[in-house]
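Trainee: PDB, C-alpha atoms, pLDDT in the B column, saved as input.pdb, coming up:
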ATOM      1  CA  MET I 204     125.399 103.926 100.048  1.00 74.00           C
ATOM      2  CA  ASP I 205     126.803 106.291  97.443  1.00 90.00           C
ATOM      3  CA  ALA I 206     124.997 107.432  94.304  1.00 93.00           C
ATOM      4  CA  ALA I 207     126.659 104.820  92.074  1.00 92.00           C
ATOM      5  CA  GLN I 208     125.628 102.006  94.435  1.00 91.00           C
ATOM      6  CA  GLN I 209     122.083 103.374  94.604  1.00 93.00           C
ATOM      7  CA  GLU I 210     121.926 103.507  90.818  1.00 94.00           C
ATOM      8  CA  ALA I 211     123.252  99.939  90.510  1.00 93.00           C
ATOM      9  CA  THR I 212     120.698  98.716  93.054  1.00 93.00           C
ATOM     10  CA  ALA I 213     117.848 100.491  91.266  1.00 93.00           C
ATOM     11  CA  ARG I 214     119.011  98.998  87.952  1.00 93.00           C
ATOM     12  CA  ALA I 215     119.199  95.501  89.488  1.00 92.00           C
ATOM     13  CA  ARG I 216     115.688  95.829  90.930  1.00 92.00           C
ATOM     14  CA  GLU I 217     114.341  96.980  87.576  1.00 90.00           C
ATOM     15  CA  LEU I 218     115.961  93.973  85.892  1.00 90.00           C
ATOM     16  CA  GLN I 219     114.408  91.736  88.566  1.00 89.00           C
ATOM     17  CA  ARG I 220     111.012  93.286  87.883  1.00 85.00           C
ATOM     18  CA  ASN I 221     111.440  92.495  84.181  1.00 83.00           C
ATOM     19  CA  TRP I 222     112.715  88.949  84.745  1.00 84.00           C
ATOM     20  CA  TYR I 223     110.622  87.859  87.730  1.00 82.00           C
ATOM     21  CA  GLY I 224     107.620  90.210  87.700  1.00 83.00           C
ATOM     22  CA  GLU I 225     108.726  92.153  90.777  1.00 88.00           C
ATOM     23  CA  PRO I 226     111.901  92.887  92.735  1.00 92.00           C
ATOM     24  CA  LEU I 227     113.150  89.734  94.461  1.00 94.00           C
ATOM     25  CA  GLY I 228     113.176  91.459  97.848  1.00 94.00           C
ATOM     26  CA  ALA I 229     109.386  91.893  97.679  1.00 93.00           C
ATOM     27  CA  LEU I 230     108.846  88.419  96.255  1.00 93.00           C
ATOM     28  CA  PHE I 231     111.029  86.720  98.881  1.00 96.00           C
ATOM     29  CA  ARG I 232     109.479  88.733 101.744  1.00 94.00           C
ATOM     30  CA  ARG I 233     106.023  87.601 100.610  1.00 91.00           C
ATOM     31  CA  LEU I 234     107.185  83.967 100.513  1.00 93.00           C
ATOM     32  CA  ILE I 235     108.686  84.350 103.988  1.00 93.00           C
ATOM     33  CA  ASP I 236     105.452  85.842 105.351  1.00 90.00           C
ATOM     34  CA  ASP I 237     103.026  83.495 103.603  1.00 89.00           C
ATOM     35  CA  LEU I 238     104.970  80.303 104.277  1.00 92.00           C
ATOM     36  CA  GLY I 239     106.126  81.169 107.807  1.00 90.00           C
ATOM     37  CA  LEU I 240     109.823  81.023 106.985  1.00 92.00           C
ATOM     38  CA  ASN I 241     112.891  82.971 107.921  1.00 93.00           C
ATOM     39  CA  GLN I 242     115.560  83.985 105.417  1.00 94.00           C
ATOM     40  CA  ALA I 243     117.852  81.086 106.298  1.00 94.00           C
ATOM     41  CA  ARG I 244     115.064  78.535 105.800  1.00 94.00           C
ATOM     42  CA  LEU I 245     114.002  80.140 102.503  1.00 95.00           C
ATOM     43  CA  ALA I 246     117.615  80.036 101.291  1.00 95.00           C
ATOM     44  CA  SER I 247     117.816  76.368 102.258  1.00 94.00           C
ATOM     45  CA  VAL I 248     114.594  75.423 100.447  1.00 94.00           C
ATOM     46  CA  LEU I 249     115.665  77.319  97.327  1.00 95.00           C
ATOM     47  CA  GLY I 250     119.186  75.890  97.352  1.00 93.00           C
ATOM     48  CA  LEU I 251     120.874  79.272  97.754  1.00 93.00           C
ATOM     49  CA  SER I 252     123.418  80.392 100.310  1.00 93.00           C
ATOM     50  CA  ALA I 253     122.086  82.856 102.874  1.00 92.00           C
ATOM     51  CA  PRO I 254     124.479  85.573 101.619  1.00 94.00           C
ATOM     52  CA  MET I 255     123.305  85.051  98.010  1.00 94.00           C
ATOM     53  CA  LEU I 256     119.645  85.320  99.086  1.00 95.00           C
ATOM     54  CA  SER I 257     120.491  88.529 100.944  1.00 94.00           C
ATOM     55  CA  GLN I 258     122.274  89.977  97.907  1.00 94.00           C
ATOM     56  CA  LEU I 259     119.308  89.159  95.657  1.00 95.00           C
ATOM     57  CA  MET I 260     116.857  90.678  98.149  1.00 95.00           C
ATOM     58  CA  SER I 261     118.852  93.887  98.556  1.00 94.00           C
ATOM     59  CA  GLY I 262     119.444  94.360  94.833  1.00 93.00           C
ATOM     60  CA  GLN I 263     123.213  93.831  95.083  1.00 92.00           C
ATOM     61  CA  ARG I 264     122.714  90.986  92.600  1.00 92.00           C
ATOM     62  CA  ALA I 265     120.048  91.020  89.915  1.00 91.00           C
ATOM     63  CA  LYS I 266     119.764  87.497  88.576  1.00 91.00           C
ATOM     64  CA  ILE I 267     119.327  83.996  89.911  1.00 91.00           C
ATOM     65  CA  GLY I 268     121.909  82.096  87.885  1.00 85.00           C
ATOM     66  CA  ASN I 269     120.666  78.559  88.502  1.00 87.00           C
ATOM     67  CA  PRO I 270     117.541  77.589  86.503  1.00 86.00           C
ATOM     68  CA  ALA I 271     116.613  74.961  89.112  1.00 87.00           C
ATOM     69  CA  VAL I 272     116.502  77.697  91.777  1.00 91.00           C
ATOM     70  CA  VAL I 273     114.244  79.790  89.531  1.00 88.00           C
ATOM     71  CA  GLN I 274     111.903  76.802  89.216  1.00 88.00           C
ATOM     72  CA  ARG I 275     111.926  76.339  93.007  1.00 91.00           C
ATOM     73  CA  VAL I 276     111.016  80.026  93.400  1.00 91.00           C
ATOM     74  CA  GLN I 277     108.093  79.504  91.019  1.00 88.00           C
ATOM     75  CA  ALA I 278     107.008  76.389  92.930  1.00 89.00           C
ATOM     76  CA  LEU I 279     107.111  78.317  96.223  1.00 93.00           C
ATOM     77  CA  GLN I 280     105.110  81.178  94.679  1.00 90.00           C
ATOM     78  CA  GLU I 281     102.443  78.669  93.687  1.00 88.00           C
ATOM     79  CA  LEU I 282     102.510  77.081  97.147  1.00 92.00           C
ATOM     80  CA  SER I 283     102.308  80.525  98.767  1.00 90.00           C
ATOM     81  CA  SER I 284      99.182  81.306  96.753  1.00 87.00           C
ATOM     82  CA  GLN I 285      97.636  78.004  97.792  1.00 88.00           C
ATOM     83  CA  VAL I 286      98.351  78.700 101.465  1.00 88.00           C
ATOM     84  CA  ALA I 287      96.980  82.245 101.105  1.00 84.00           C
ATOM     85  CA  ASP I 288      93.726  81.073  99.526  1.00 82.00           C
ATOM     86  CA  GLY I 289      93.308  78.300 102.109  1.00 85.00           C
ATOM     87  CA  SER I 290      93.524  75.355  99.726  1.00 87.00           C
ATOM     88  CA  VAL I 291      96.728  74.094 101.415  1.00 87.00           C
ATOM     89  CA  SER I 292      97.259  73.878 105.179  1.00 88.00           C
ATOM     90  CA  ALA I 293     100.423  75.053 106.906  1.00 82.00           C
ATOM     91  CA  ALA I 294     101.354  71.441 107.718  1.00 85.00           C
ATOM     92  CA  GLU I 295     100.885  70.363 104.108  1.00 91.00           C
ATOM     93  CA  ALA I 296     102.890  73.388 102.955  1.00 90.00           C
ATOM     94  CA  ALA I 297     105.813  72.317 105.162  1.00 90.00           C
ATOM     95  CA  ASP I 298     105.772  68.865 103.545  1.00 90.00           C
ATOM     96  CA  ARG I 299     105.613  70.371 100.072  1.00 92.00           C
ATOM     97  CA  MET I 300     108.504  72.725 100.828  1.00 93.00           C
ATOM     98  CA  GLU I 301     110.605  69.655 101.578  1.00 91.00           C
ATOM     99  CA  GLU I 302     109.576  68.221  98.198  1.00 90.00           C
ATOM    100  CA  VAL I 303     110.492  71.503  96.484  1.00 90.00           C
ATOM    101  CA  LYS I 304     113.866  71.524  98.249  1.00 90.00           C
ATOM    102  CA  LYS I 305     114.658  68.046  96.898  1.00 86.00           C
ATOM    103  CA  THR I 306     113.800  68.869  93.289  1.00 80.00           C
ATOM    104  CA  SER I 307     116.308  69.756  90.643  1.00 69.00           C
ATOM    105  CA  GLY I 308     113.646  71.909  89.049  1.00 52.00           C
ATOM    106  CA  GLY I 309     110.154  71.397  87.737  1.00 43.00           C
ATOM    107  CA  SER I 310     106.968  71.757  89.678  1.00 41.00           C
ATOM    108  CA  VAL I 311     105.967  69.273  92.340  1.00 42.00           C
ATOM    109  CA  LEU I 312     102.788  71.129  93.185  1.00 41.00           C
ATOM    110  CA  ASN I 313      99.244  70.416  92.139  1.00 38.00           C
ATOM    111  CA  THR I 314      98.532  73.512  90.107  1.00 36.00           C
ATOM    112  CA  THR I 315      94.801  72.791  89.831  1.00 34.00           C
ATOM    113  CA  GLN I 316      94.382  73.772  93.479  1.00 38.00           C
ATOM    114  CA  THR I 317      94.881  77.451  92.709  1.00 41.00           C
ATOM    115  CA  THR I 318      91.503  77.705  91.037  1.00 46.00           C
ATOM    116  CA  ALA I 319      87.956  77.061  92.094  1.00 46.00           C
ATOM    117  CA  SER I 320      86.171  74.038  90.641  1.00 44.00           C
ATOM    118  CA  SER I 321      84.859  76.258  87.823  1.00 44.00           C
ATOM    119  CA  GLY I 322      88.429  76.883  86.693  1.00 46.00           C
ATOM    120  CA  ALA I 323      88.253  80.549  87.722  1.00 51.00           C
ATOM    121  CA  PRO I 324      90.850  81.952  90.120  1.00 61.00           C
ATOM    122  CA  THR I 325      89.700  82.203  93.728  1.00 75.00           C
ATOM    123  CA  VAL I 326      88.728  85.624  95.106  1.00 80.00           C
ATOM    124  CA  ARG I 327      91.699  85.550  97.465  1.00 78.00           C
ATOM    125  CA  ARG I 328      94.062  84.834  94.575  1.00 77.00           C
ATOM    126  CA  VAL I 329      92.646  87.716  92.509  1.00 81.00           C
ATOM    127  CA  VAL I 330      92.918  90.059  95.487  1.00 82.00           C
ATOM    128  CA  ARG I 331      96.516  89.031  96.175  1.00 79.00           C
ATOM    129  CA  GLU I 332      97.432  89.650  92.526  1.00 80.00           C
ATOM    130  CA  ILE I 333      95.933  93.161  92.739  1.00 86.00           C
ATOM    131  CA  GLN I 334      97.791  93.794  96.010  1.00 81.00           C
ATOM    132  CA  SER I 335     101.032  92.503  94.546  1.00 77.00           C
ATOM    133  CA  LEU I 336     100.710  94.730  91.497  1.00 79.00           C
ATOM    134  CA  LEU I 337      99.982  97.863  93.534  1.00 82.00           C
ATOM    135  CA  ARG I 338     102.756  97.099  96.009  1.00 77.00           C
ATOM    136  CA  SER I 339     105.264  96.528  93.212  1.00 74.00           C
ATOM    137  CA  VAL I 340     104.544 100.037  91.927  1.00 77.00           C
ATOM    138  CA  ALA I 341     104.727 101.963  95.214  1.00 79.00           C
ATOM    139  CA  ALA I 342     105.311 101.570  98.932  1.00 78.00           C
ATOM    140  CA  ALA I 343     102.307 101.515 101.277  1.00 79.00           C
ATOM    141  CA  GLY I 344     103.051 105.030 102.547  1.00 84.00           C
ATOM    142  CA  ASP I 345     103.087 106.405  99.010  1.00 87.00           C
ATOM    143  CA  ILE I 346      99.829 104.621  98.205  1.00 90.00           C
ATOM    144  CA  ILE I 347      98.181 106.108 101.318  1.00 91.00           C
ATOM    145  CA  GLU I 348      99.479 109.550 100.344  1.00 94.00           C
ATOM    146  CA  ALA I 349      98.005 109.132  96.840  1.00 94.00           C
ATOM    147  CA  ALA I 350      94.707 107.973  98.365  1.00 94.00           C
ATOM    148  CA  ASP I 351      94.629 111.033 100.622  1.00 95.00           C
ATOM    149  CA  THR I 352      95.196 113.251  97.580  1.00 96.00           C
ATOM    150  CA  LEU I 353      92.299 111.602  95.725  1.00 95.00           C
ATOM    151  CA  SER I 354      89.872 111.287  98.640  1.00 95.00           C
ATOM    152  CA  ALA I 355      88.016 114.578  98.123  1.00 96.00           C
ATOM    153  CA  SER I 356      87.400 114.201  94.392  1.00 97.00           C
ATOM    154  CA  HIS I 357      87.413 110.392  93.993  1.00 95.00           C
ATOM    155  CA  PRO I 358      86.559 108.737  97.331  1.00 94.00           C
ATOM    156  CA  GLU I 359      85.889 105.274  95.868  1.00 94.00           C
ATOM    157  CA  LEU I 360      89.250 105.201  94.121  1.00 94.00           C
ATOM    158  CA  ALA I 361      90.952 106.430  97.293  1.00 95.00           C
ATOM    159  CA  GLU I 362      89.294 103.618  99.251  1.00 94.00           C
ATOM    160  CA  PHE I 363      90.457 101.094  96.646  1.00 94.00           C
ATOM    161  CA  LEU I 364      94.047 102.297  96.964  1.00 93.00           C
ATOM    162  CA  ARG I 365      93.941 102.164 100.759  1.00 92.00           C
ATOM    163  CA  VAL I 366      92.342  98.720 100.961  1.00 91.00           C
ATOM    164  CA  TYR I 367      94.371  96.961  98.251  1.00 90.00           C
ATOM    165  CA  GLY I 368      97.568  98.988  98.417  1.00 86.00           C
ATOM    166  CA  ALA I 369      98.086  99.136 102.159  1.00 84.00           C
ATOM    167  CA  GLY I 370      95.408  96.985 103.821  1.00 83.00           C
ATOM    168  CA  ARG I 371      95.324  93.374 104.904  1.00 82.00           C
ATOM    169  CA  THR I 372      94.308  90.680 102.460  1.00 79.00           C
ATOM    170  CA  ALA I 373      91.190  89.795 104.496  1.00 81.00           C
ATOM    171  CA  GLU I 374      89.987  93.419 104.274  1.00 86.00           C
ATOM    172  CA  ALA I 375      90.623  93.458 100.525  1.00 86.00           C
ATOM    173  CA  VAL I 376      88.732  90.166 100.056  1.00 84.00           C
ATOM    174  CA  ALA I 377      85.748  91.621 101.945  1.00 88.00           C
ATOM    175  CA  HIS I 378      85.918  94.789  99.809  1.00 90.00           C
ATOM    176  CA  TYR I 379      86.122  92.750  96.605  1.00 88.00           C
ATOM    177  CA  GLU I 380      83.175  90.564  97.571  1.00 86.00           C
ATOM    178  CA  ALA I 381      81.091  93.597  98.595  1.00 88.00           C
ATOM    179  CA  HIS I 382      81.632  95.160  95.157  1.00 85.00           C
ATOM    180  CA  GLN I 383      80.872  92.069  93.052  1.00 77.00           C
ATOM    181  CA  SER I 384      77.167  92.650  92.525  1.00 59.00           C
TER     182      SER I 384
END
Before anything else, please render the file you have as structure tokens.

Mentor:
Amino acid sequence: MDAAQQEATARARELQRNWYGEPLGALFRRLIDDLGLNQARLASVLGLSAPMLSQLMSGQRAKIGNPAVVQRVQALQELSSQVADGSVSAAEAADRMEEVKKTSGGSVLNTTQTTASSGAPTVRRVVREIQSLLRSVAAAGDIIEAADTLSASHPELAEFLRVYGAGRTAEAVAHYEAHQS
């Protein structure tokens, strides 16, 4: 990839971050991981061609042109959070993905399931938001390097970076719960 292509890709990813909250490659990879999909299945559920999904993920294209696809992405993000916090089973998620696929936009998900009965977000949801934010700023290797730099003078902050920036969600949930007193 030449310098002009690299610059165009970086610009597209920055636009994606502004429009969608993070680069679409990171967002789509999280959906793939959380919902147990492959790229072809994700493209199918969203109503995109596989090449278009690939171009969006790689930063060759910046914007999703179809508003219904954007709404399906949002519905899958919500479903992904519900699967991650355990309020929706994998089997139920598969059924809901079929519902999302059939929509022309608009949410088909029960959005009240993303919060505890008190109305507060679940611990897992809070942790995943922190992880997502850190991981949208830097790659795991860079976060570990920053943690190593801070470890001598600020060990608690270094631990935070390691756990939330490069660790597994279960480890981050345990860390969060241990520090909530």

Trainee: Given the file shown, enumerate the residues that the PyMOL selection byres ((chain I and resi 363) around 12) captures and present them as a ChimeraX atom specification.

Mentor: /I:330,333-334,337,346-347,349-351,353-354,357-362,364-370,374-379,382

Trainee: Which residues fall under the PyMOL selection byres ((chain I and resi 230-243) around 8) in this file, as a PDB file with C-alpha atoms, in the frame of the given file?

Mentor:
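File produced: part.pdb:
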ATOM      1  CA  GLU I 225     108.726  92.153  90.777  1.00 88.00           C
ATOM      2  CA  PRO I 226     111.901  92.887  92.735  1.00 92.00           C
ATOM      3  CA  LEU I 227     113.150  89.734  94.461  1.00 94.00           C
ATOM      4  CA  GLY I 228     113.176  91.459  97.848  1.00 94.00           C
ATOM      5  CA  ALA I 229     109.386  91.893  97.679  1.00 93.00           C
ATOM      6  CA  ARG I 244     115.064  78.535 105.800  1.00 94.00           C
ATOM      7  CA  LEU I 245     114.002  80.140 102.503  1.00 95.00           C
ATOM      8  CA  ALA I 246     117.615  80.036 101.291  1.00 95.00           C
ATOM      9  CA  SER I 247     117.816  76.368 102.258  1.00 94.00           C
ATOM     10  CA  ALA I 253     122.086  82.856 102.874  1.00 92.00           C
ATOM     11  CA  LEU I 256     119.645  85.320  99.086  1.00 95.00           C
ATOM     12  CA  MET I 260     116.857  90.678  98.149  1.00 95.00           C
ATOM     13  CA  LEU I 279     107.111  78.317  96.223  1.00 93.00           C
ATOM     14  CA  GLN I 280     105.110  81.178  94.679  1.00 90.00           C
ATOM     15  CA  SER I 283     102.308  80.525  98.767  1.00 90.00           C
ATOM     16  CA  VAL I 286      98.351  78.700 101.465  1.00 88.00           C
ATOM     17  CA  ALA I 287      96.980  82.245 101.105  1.00 84.00           C
ATOM     18  CA  ALA I 293     100.423  75.053 106.906  1.00 82.00           C
ATOM     19  CA  ALA I 296     102.890  73.388 102.955  1.00 90.00           C
TER      20      ALA I 296
END

Trainee: Do a neighbour search on Val303 in chain I at 8 Å with only C-alpha atoms, toss out local chain neighbours closer than 2 positions, and write the hits as a list in words.

Mentor: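 Here the qualifying residues turn out to be Val248, Leu249, Arg275, Ala278, Leu279, Arg299, Met300, Glu301, Lys305, Thr306, Ser310 and Val311 of chain I.
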
Trainee: Run the PyMOL selection byres ((chain I and resi 217) around 12) mentally over the shown coordinates, then write out the matched residues as a PyMOL selection string, using the chain letters and numbers from the document.

Mentor: chain I and resi 210-216+218-228+262+264-266+339-340

Trainee: Distance CA of Lys304 in chain I-CA of Gln274 in chain I, one decimal place?

Mentor: 10.6 Å

Trainee: At what distance in Å, to one decimal, does CA of Ile267 in chain I lie from CA of Ser292 in chain I?

Mentor: 28.7 Å

Trainee: Quick check, in Å to one decimal: how far apart do CA of Asp298 in chain I and CA of Gln258 in chain I lie?

Mentor: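 Result for CA of Asp298 in chain I versus CA of Gln258 in chain I: 27.4 Å, one decimal.
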
Trainee: Rank nothing, just name the residue among I:Val291, I:Ser356, I:Thr372, I:Gly344 nearest to Val329 in chain I, using all atoms listed in the file.

Mentor: I:Thr372
